[in-house]
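Chemist: The structure file work-v3.tsv (TSV, C-alpha atoms and all ligand atoms) is provided below.
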```
chain	number	residue	atom	x	y	z
A	1	MET	CA	3.71	-17.90	34.23
A	2	SER	CA	4.66	-15.32	31.62
A	3	LYS	CA	7.17	-16.05	28.88
A	4	VAL	CA	10.05	-13.75	27.99
A	5	ALA	CA	12.05	-14.23	24.78
A	6	ILE	CA	15.43	-12.52	24.47
A	7	VAL	CA	16.51	-12.04	20.86
A	8	TYR	CA	20.12	-11.01	20.56
A	9	HIS	CA	23.16	-10.89	18.32
A	10	SER	CA	26.73	-11.06	19.53
A	11	GLY	CA	29.65	-11.14	17.13
A	12	TYR	CA	32.33	-11.84	19.76
A	13	GLY	CA	30.46	-12.98	22.89
A	14	HIS	CA	30.23	-9.78	24.96
A	15	THR	CA	26.59	-8.99	24.23
A	16	GLN	CA	25.78	-12.66	24.73
A	17	ARG	CA	26.84	-12.32	28.38
A	18	GLN	CA	24.51	-9.34	28.69
A	19	ALA	CA	21.69	-11.39	27.11
A	20	GLU	CA	22.33	-14.22	29.57
A	21	ALA	CA	22.10	-11.74	32.45
A	22	VAL	CA	18.74	-10.47	31.14
A	23	GLN	CA	17.59	-14.10	31.05
A	24	GLU	CA	18.78	-14.66	34.65
A	25	GLY	CA	16.77	-11.65	35.81
A	26	ALA	CA	13.62	-12.82	34.05
A	27	LEU	CA	14.01	-16.33	35.49
A	28	ALA	CA	14.53	-14.88	38.97
A	29	ALA	CA	11.20	-13.07	38.61
A	30	GLY	CA	9.49	-16.38	37.91
A	31	ALA	CA	9.11	-16.12	34.15
A	32	GLU	CA	9.97	-18.68	31.54
A	33	ALA	CA	12.87	-17.06	29.68
A	34	VAL	CA	14.42	-18.23	26.42
A	35	LEU	CA	17.42	-16.95	24.51
A	36	VAL	CA	17.01	-16.73	20.73
A	37	ARG	CA	19.89	-15.90	18.39
A	38	ALA	CA	19.12	-13.26	15.78
A	39	ASP	CA	21.47	-15.24	13.51
A	40	ASP	CA	18.75	-17.93	13.38
A	41	LEU	CA	16.05	-15.43	12.39
A	42	THR	CA	17.45	-13.87	9.24
A	43	SER	CA	14.75	-15.35	7.00
A	44	PRO	CA	11.04	-14.69	7.55
A	45	ASP	CA	10.27	-18.29	6.63
A	46	ALA	CA	12.76	-20.22	8.75
A	47	GLY	CA	13.98	-20.25	12.33
A	48	PRO	CA	12.48	-20.17	15.82
A	49	TRP	CA	9.84	-17.50	15.14
A	50	ALA	CA	7.37	-19.56	17.20
A	51	ASP	CA	9.39	-18.77	20.34
A	52	LEU	CA	8.66	-15.10	19.76
A	53	ALA	CA	5.02	-15.65	18.79
A	54	SER	CA	4.35	-17.47	22.07
A	55	ALA	CA	6.18	-14.93	24.25
A	56	ASP	CA	4.40	-12.29	26.33
A	57	ALA	CA	7.52	-10.11	26.20
A	58	ILE	CA	10.41	-9.83	23.76
A	59	VAL	CA	13.70	-8.19	24.74
A	60	PHE	CA	15.92	-7.06	21.87
A	61	GLY	CA	19.69	-6.95	22.29
A	62	SER	CA	22.47	-6.02	19.91
A	63	PRO	CA	26.04	-4.80	20.13
A	64	THR	CA	26.48	-1.26	18.89
A	65	TYR	CA	28.31	-1.47	15.60
A	66	MET	CA	28.98	1.80	13.75
A	67	GLY	CA	26.51	3.63	16.02
A	68	ALA	CA	23.62	1.30	15.26
A	69	VAL	CA	22.46	-2.28	15.66
A	70	SER	CA	24.71	-4.87	14.04
A	71	GLY	CA	24.09	-6.01	10.48
A	72	VAL	CA	22.87	-9.41	11.66
A	73	PHE	CA	20.39	-7.80	14.03
A	74	LYS	CA	19.14	-5.48	11.29
A	75	THR	CA	18.64	-8.48	9.02
A	76	PHE	CA	16.48	-10.02	11.76
A	77	MET	CA	14.56	-6.74	12.07
A	78	ASP	CA	13.87	-6.69	8.34
A	79	ALA	CA	12.92	-10.38	8.36
A	80	SER	CA	10.30	-9.57	11.02
A	81	SER	CA	8.29	-7.53	8.49
A	82	LYS	CA	6.12	-10.54	7.78
A	83	VAL	CA	5.18	-10.69	11.48
A	84	TRP	CA	4.69	-6.90	11.37
A	85	ALA	CA	2.22	-7.19	8.46
A	86	ALA	CA	0.14	-9.62	10.50
A	87	GLY	CA	0.37	-7.59	13.73
A	88	GLY	CA	1.91	-10.64	15.35
A	89	TRP	CA	3.70	-8.86	18.20
A	90	LYS	CA	1.08	-6.17	18.83
A	91	ASP	CA	0.66	-5.50	22.58
A	92	LYS	CA	3.59	-7.66	23.66
A	93	ILE	CA	5.88	-6.08	26.25
A	94	ALA	CA	9.26	-5.01	24.79
A	95	GLY	CA	12.61	-3.81	26.06
A	96	GLY	CA	16.19	-3.54	24.86
A	97	PHE	CA	19.87	-3.59	25.65
A	98	THR	CA	23.16	-2.88	23.95
A	99	ASN	CA	26.87	-3.19	24.60
A	100	SER	CA	29.83	-1.48	22.99
A	101	ALA	CA	33.52	-0.75	23.51
A	102	SER	CA	33.34	2.97	24.29
A	103	GLN	CA	31.67	4.43	27.38
A	104	SER	CA	29.22	6.20	25.10
A	105	GLY	CA	30.06	4.76	21.68
A	106	ASP	CA	26.69	6.15	20.52
A	107	LYS	CA	24.85	3.34	22.29
A	108	LEU	CA	21.79	5.56	22.75
A	109	ALA	CA	21.25	5.47	18.98
A	110	THR	CA	21.01	1.69	19.17
A	111	LEU	CA	18.48	1.74	22.00
A	112	GLN	CA	16.44	4.32	20.10
A	113	GLN	CA	16.54	2.08	17.04
A	114	LEU	CA	15.28	-0.85	19.12
A	115	ALA	CA	12.50	1.23	20.71
A	116	ILE	CA	11.32	2.48	17.32
A	117	PHE	CA	11.41	-1.09	16.02
A	118	ALA	CA	9.20	-2.16	18.94
A	119	ALA	CA	6.87	0.77	18.29
A	120	GLN	CA	6.53	-0.24	14.64
A	121	HIS	CA	5.38	-3.62	15.90
A	122	ALA	CA	2.89	-1.86	18.24
A	123	MET	CA	4.66	-3.31	21.25
A	124	ILE	CA	4.78	-1.72	24.69
A	125	TRP	CA	8.29	-0.46	25.45
A	126	THR	CA	9.51	-0.86	29.02
A	127	PRO	CA	12.38	1.44	29.99
A	128	LEU	CA	15.11	0.34	32.40
A	129	GLY	CA	13.59	1.96	35.48
A	130	LEU	CA	16.84	2.58	37.35
A	131	PRO	CA	18.33	5.90	38.46
A	132	ALA	CA	21.57	6.87	36.76
A	133	GLY	CA	24.64	5.56	38.56
A	134	ASN	CA	28.20	6.85	38.76
A	135	ASN	CA	27.19	10.49	38.29
A	136	SER	CA	28.20	12.02	41.62
A	137	SER	CA	31.26	12.26	43.84
A	138	LYS	CA	29.98	9.19	45.71
A	139	GLY	CA	29.47	7.15	42.56
A	140	SER	CA	31.64	4.43	41.08
A	141	THR	CA	31.78	2.08	38.12
A	142	ASN	CA	30.35	-0.57	40.45
A	143	ASP	CA	27.00	1.26	40.52
A	144	LEU	CA	23.95	-0.23	38.88
A	145	ASN	CA	23.31	1.64	35.62
A	146	ARG	CA	26.80	3.15	35.78
A	147	LEU	CA	26.44	4.32	32.16
A	148	GLY	CA	23.31	6.30	33.02
A	149	ALA	CA	20.76	5.03	30.48
A	150	PHE	CA	16.99	5.23	30.88
A	151	LEU	CA	15.64	3.78	27.64
A	152	GLY	CA	17.20	0.35	28.17
A	153	ALA	CA	20.26	-1.40	29.58
A	154	MET	CA	23.72	-0.38	28.45
A	155	ALA	CA	26.99	-2.24	28.92
A	156	GLN	CA	30.57	-1.52	27.95
A	157	SER	CA	33.30	-4.05	27.13
A	158	ASN	CA	36.91	-3.04	26.53
A	159	ALA	CA	37.89	-3.57	22.90
A	160	ASP	CA	41.04	-5.49	23.80
A	161	GLU	CA	39.43	-7.92	26.27
A	162	GLY	CA	37.29	-10.98	25.73
A	163	PRO	CA	33.83	-11.76	27.12
A	164	ASP	CA	35.46	-13.32	30.20
A	165	LYS	CA	36.33	-9.74	31.27
A	166	GLY	CA	33.53	-7.64	29.88
A	167	PRO	CA	30.87	-6.49	30.40
A	168	ILE	CA	31.89	-5.79	34.00
A	169	PRO	CA	29.73	-7.12	36.89
A	170	SER	CA	27.78	-3.88	37.38
A	171	ASP	CA	26.69	-3.90	33.75
A	172	LEU	CA	25.60	-7.54	34.04
A	173	ALA	CA	23.70	-6.69	37.24
A	174	THR	CA	22.01	-3.84	35.35
A	175	ALA	CA	20.99	-6.31	32.62
A	176	ARG	CA	19.54	-8.62	35.28
A	177	VAL	CA	17.42	-5.74	36.57
A	178	LEU	CA	16.07	-5.19	33.05
A	179	GLY	CA	15.18	-8.89	32.73
A	180	GLU	CA	13.41	-8.89	36.08
A	181	ARG	CA	11.51	-5.70	35.26
A	182	ILE	CA	10.39	-7.01	31.88
A	183	ALA	CA	9.20	-10.27	33.45
A	184	ARG	CA	7.22	-8.40	36.11
A	185	ALA	CA	5.71	-6.05	33.51
A	186	ALA	CA	4.73	-9.04	31.36
A	187	ALA	CA	3.12	-10.78	34.32
A	188	ARG	CA	1.08	-7.67	35.21
A	189	TRP	CA	0.14	-7.03	31.59
A	190	THR	CA	-0.96	-10.59	30.83
A	191	SER	CA	-3.05	-10.84	34.00
A	192	GLY	CA	-4.89	-7.63	33.09
A	193	LYS	CA	-5.03	-8.22	29.34
A	194	ALA	CA	-7.77	-10.83	29.44
A	195	ALA	CA	-10.09	-8.40	31.22
A	196	LEU	CA	-9.26	-5.63	28.74
A	197	GLU	CA	-9.92	-7.90	25.78
A	198	ARG	CA	-13.42	-8.70	27.09
A	199	LYS	CA	-14.38	-5.01	27.03
A	200	PRO	CA	-13.25	-3.37	23.80
A	201	VAL	CA	-13.91	0.38	23.81
A	202	TYR	CA	-13.27	0.93	20.12
A	203	ALA	CA	-14.05	-1.75	17.58
B	301	LIG	C1	31.93	-3.44	12.98
B	301	LIG	C2	32.08	-2.93	14.37
B	301	LIG	C3	31.62	-1.66	14.68
B	301	LIG	C4	31.72	-1.16	15.97
B	301	LIG	N1	31.20	0.06	16.25
B	301	LIG	C5	31.25	0.53	17.53
B	301	LIG	C6	30.64	1.76	17.86
B	301	LIG	O1	30.00	2.42	17.06
B	301	LIG	N2	30.78	2.19	19.14
B	301	LIG	C7	31.48	1.50	20.08
B	301	LIG	O2	31.60	1.96	21.20
B	301	LIG	N3	32.02	0.30	19.80
B	301	LIG	C8	31.91	-0.21	18.54
B	301	LIG	N4	32.41	-1.45	18.26
B	301	LIG	C9	32.94	-2.29	19.36
B	301	LIG	C10	31.89	-3.31	19.82
B	301	LIG	O3	30.66	-2.68	20.11
B	301	LIG	C11	32.39	-4.04	21.06
B	301	LIG	O4	33.59	-4.71	20.75
B	301	LIG	C12	31.36	-5.00	21.61
B	301	LIG	O5	31.80	-5.49	22.87
B	301	LIG	C13	31.15	-6.19	20.68
B	301	LIG	O6	30.12	-6.97	21.21
B	301	LIG	P1	29.98	-8.48	20.77
B	301	LIG	O7	31.18	-9.23	21.34
B	301	LIG	O8	28.72	-8.96	21.40
B	301	LIG	O9	29.96	-8.50	19.28
B	301	LIG	C14	32.32	-1.95	16.98
B	301	LIG	C15	32.81	-3.23	16.66
B	301	LIG	C16	32.68	-3.72	15.38
B	301	LIG	C17	33.15	-5.12	15.09
```
Show how you would write the structure in this file as C-alpha cells.
Modeler:
Amino acid sequence: MSKVAIVYHSGYGHTQRQAEAVQEGALAAGAEAVLVRADDLTSPDAGPWADLASADAIVFGSPTYMGAVSGVFKTFMDASSKVWAAGGWKDKIAGGFTNSASQSGDKLATLQQLAIFAAQHAMIWTPLGLPAGNNSSKGSTNDLNRLGAFLGAMAQSNADEGPDKGPIPSDLATARVLGERIARAAARWTSGKAALERKPVYA
C-alpha cells in the first residue's frame, strides 16, 4: 500500500475541506492517507516531518493569499530546506491544490509556486488530469474542474460564507479526483521504483 501525505494550511477552514477531500480520494484508491498541518511544520527541527519522510507522495495545499501561498505555508516551505539539502523528498510523487475567494483570484500563481517547490525537491509533479469544466454552453458550476485548471486542483469559496458552504461540492469532487490520481500514481511509481533502483544507468 502506498502512503500519501497531504500538507496543508487553512486560515479559516475552507482549504481544510479541500484537503479532506484529497484525503478521501487517496483513501478510496486504497492508499494510506494522512493530513498534516503546515502550522506544525514551521521549524525544521520539530513537528511531524517523519510523516512526510515515510510518504510515497506528498500533496501540497494552501489558500491563495495575496496571489501566492499563505505566510504559514511559505514558512513550512522554507523550513523544508533542511530536507531539501539532504534530498529527502527526491523522487516522491507530488501534487497541489489551492482555494480562494475569487473565481480566478490568481490561484494559478499559487499552483505554479507549489510545482516549483516540488521541482526544487526533485519530486515528480502530477497534474490534475481532468478536462476543463464549465467552458461551453452545456457546462455548469456543477462540472468537475469547473475552474478549468490543469496544474492542480482549484476551489473557490465565497468570501462571506464559512467552510460549511464553500468550497462547493464540484470543487470538493475535483479535489477527490486529485487525491485518487496521486494515490494511483504513487502505487505505480513505487511498484516500478524497486526495479529501476536495481539498474542505475548513471552513477
Ligand atoms: C490575507 C488574505 C489574502 C487573500 N488573498 C486572496 C487572493 O489573492 N485571491 C483571492 O481570490 N482570494 C484571496 N483571499 C481570500 C481567501 O483565499 C479565501 O477566503 C479562502 O477561502 C481562505 O481559505 P482558508 O479558509 O482555508 O484560509 C485572501 C484572504 C486573506 C485572509
Chemist: Compile the contact shell of Gly25 of chain A as a list in words: residues with an atom at most 7 Å away, counting all atoms listed in the file, same-chain residues fewer than 4 positions apart removed.
Modeler: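 Listed by chain and then number, they are Ala21, Ala29, Arg176, Val177, Gly179 and Glu180 of chain A.
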Chemist: Which polymer residues have any atom within 12 Å of an atom of Trp49 of chain A, counting only C-alpha atoms, with same-chain residues fewer than 6 positions away left out, as JSON, numbers by chain?
Modeler: {"A": [5, 6, 7, 36, 37, 38, 39, 40, 41, 42, 43, 55, 58, 76, 79, 80, 82, 83, 88, 89]}
Chemist: How many Å separate atom CA of Lys165 of chain A from atom CA of Gln113 of chain A?
Modeler: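 Atom CA of Gln113 of chain A lies at a distance of 27.1 Å from atom CA of Lys165 of chain A.
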Chemist: List all protein, DNA and RNA residues that have an atom no more than 7 Å from any atom of ligand LIG 301 (chain B), counting only C-alpha atoms and all ligand atoms, and report them as a list in words.
Modeler: His9, Ser10, Gly11, Tyr12, Gly13, His14, Thr15, Gln16, Pro63, Thr64, Tyr65, Met66, Gly67, Ala68, Asn99, Ser100, Ala101, Ser102, Gln103, Ser104, Gly105, Asp106, Lys107, Gln156, Ser157, Asn158, Ala159 and Pro163 of chain A
Chemist: If you measure from atom CA of Gly129 of chain A to atom CA of Phe97 of chain A, what distance in Å do you get, rounded to one decimal?
Modeler: 12.9 Å
Chemist: Closest to Ala85 of chain A among A:Gly61, A:Ala31, A:Pro44, A:Arg146, using all atoms listed in the file?
Modeler: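 Among the listed residues, A:Pro44 lies closest to Ala85 of chain A.
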Chemist: Which one of A:Ala86, A:Ile93, A:Ala57, A:Ala115 sits closest to Ala33 of chain A if you count all atoms listed in the file?
Modeler: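 For Ala33 of chain A, the nearest of the given residues is A:Ala57.
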Chemist: Which residues are close to Gln112 of chain A, i.e. within 10 Å by all atoms listed in the file, leaving aside same-chain residues fewer than 3 positions away? Reply as a PyMOL selection string.
Modeler: chain A and resi 68-69+96+107-109+115-118+151-152
Chemist: Pick out the residues sitting within 10 Å of Met1 of chain A, and hand them over as a PyMOL selection string; count only C-alpha atoms, and ignore anything fewer than 5 positions along from it in its own chain.
Modeler: chain A and resi 29-32+56+183+186-187+190-191
Chemist: Do you have the atom CA of Leu130 of chain A-atom CA of Asp143 of chain A distance handy?
Modeler: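 According to the coordinates, atom CA of Leu130 of chain A and atom CA of Asp143 of chain A are separated by 10.7 Å.
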Chemist: Restricting the calculation to only C-alpha atoms, which member of A:Ala50, A:Ala185, A:Leu114, A:Ile168 is positioned closest to Phe73 of chain A?
Modeler: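 Between A:Ala50, A:Ala185, A:Leu114, A:Ile168, the residue approaching Phe73 of chain A most closely is A:Leu114.
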Chemist: May I have the centre and edge lengths, in Å to one decimal, of an axis-aligned box around the listed atoms of segment 95-105 of chain A with 3 Å added to every side, as JSON?
Modeler:
```
{"center_x": 23.1, "center_y": 1.2, "center_z": 24.5, "size_x": 26.9, "size_y": 16.0, "size_z": 11.7}
```
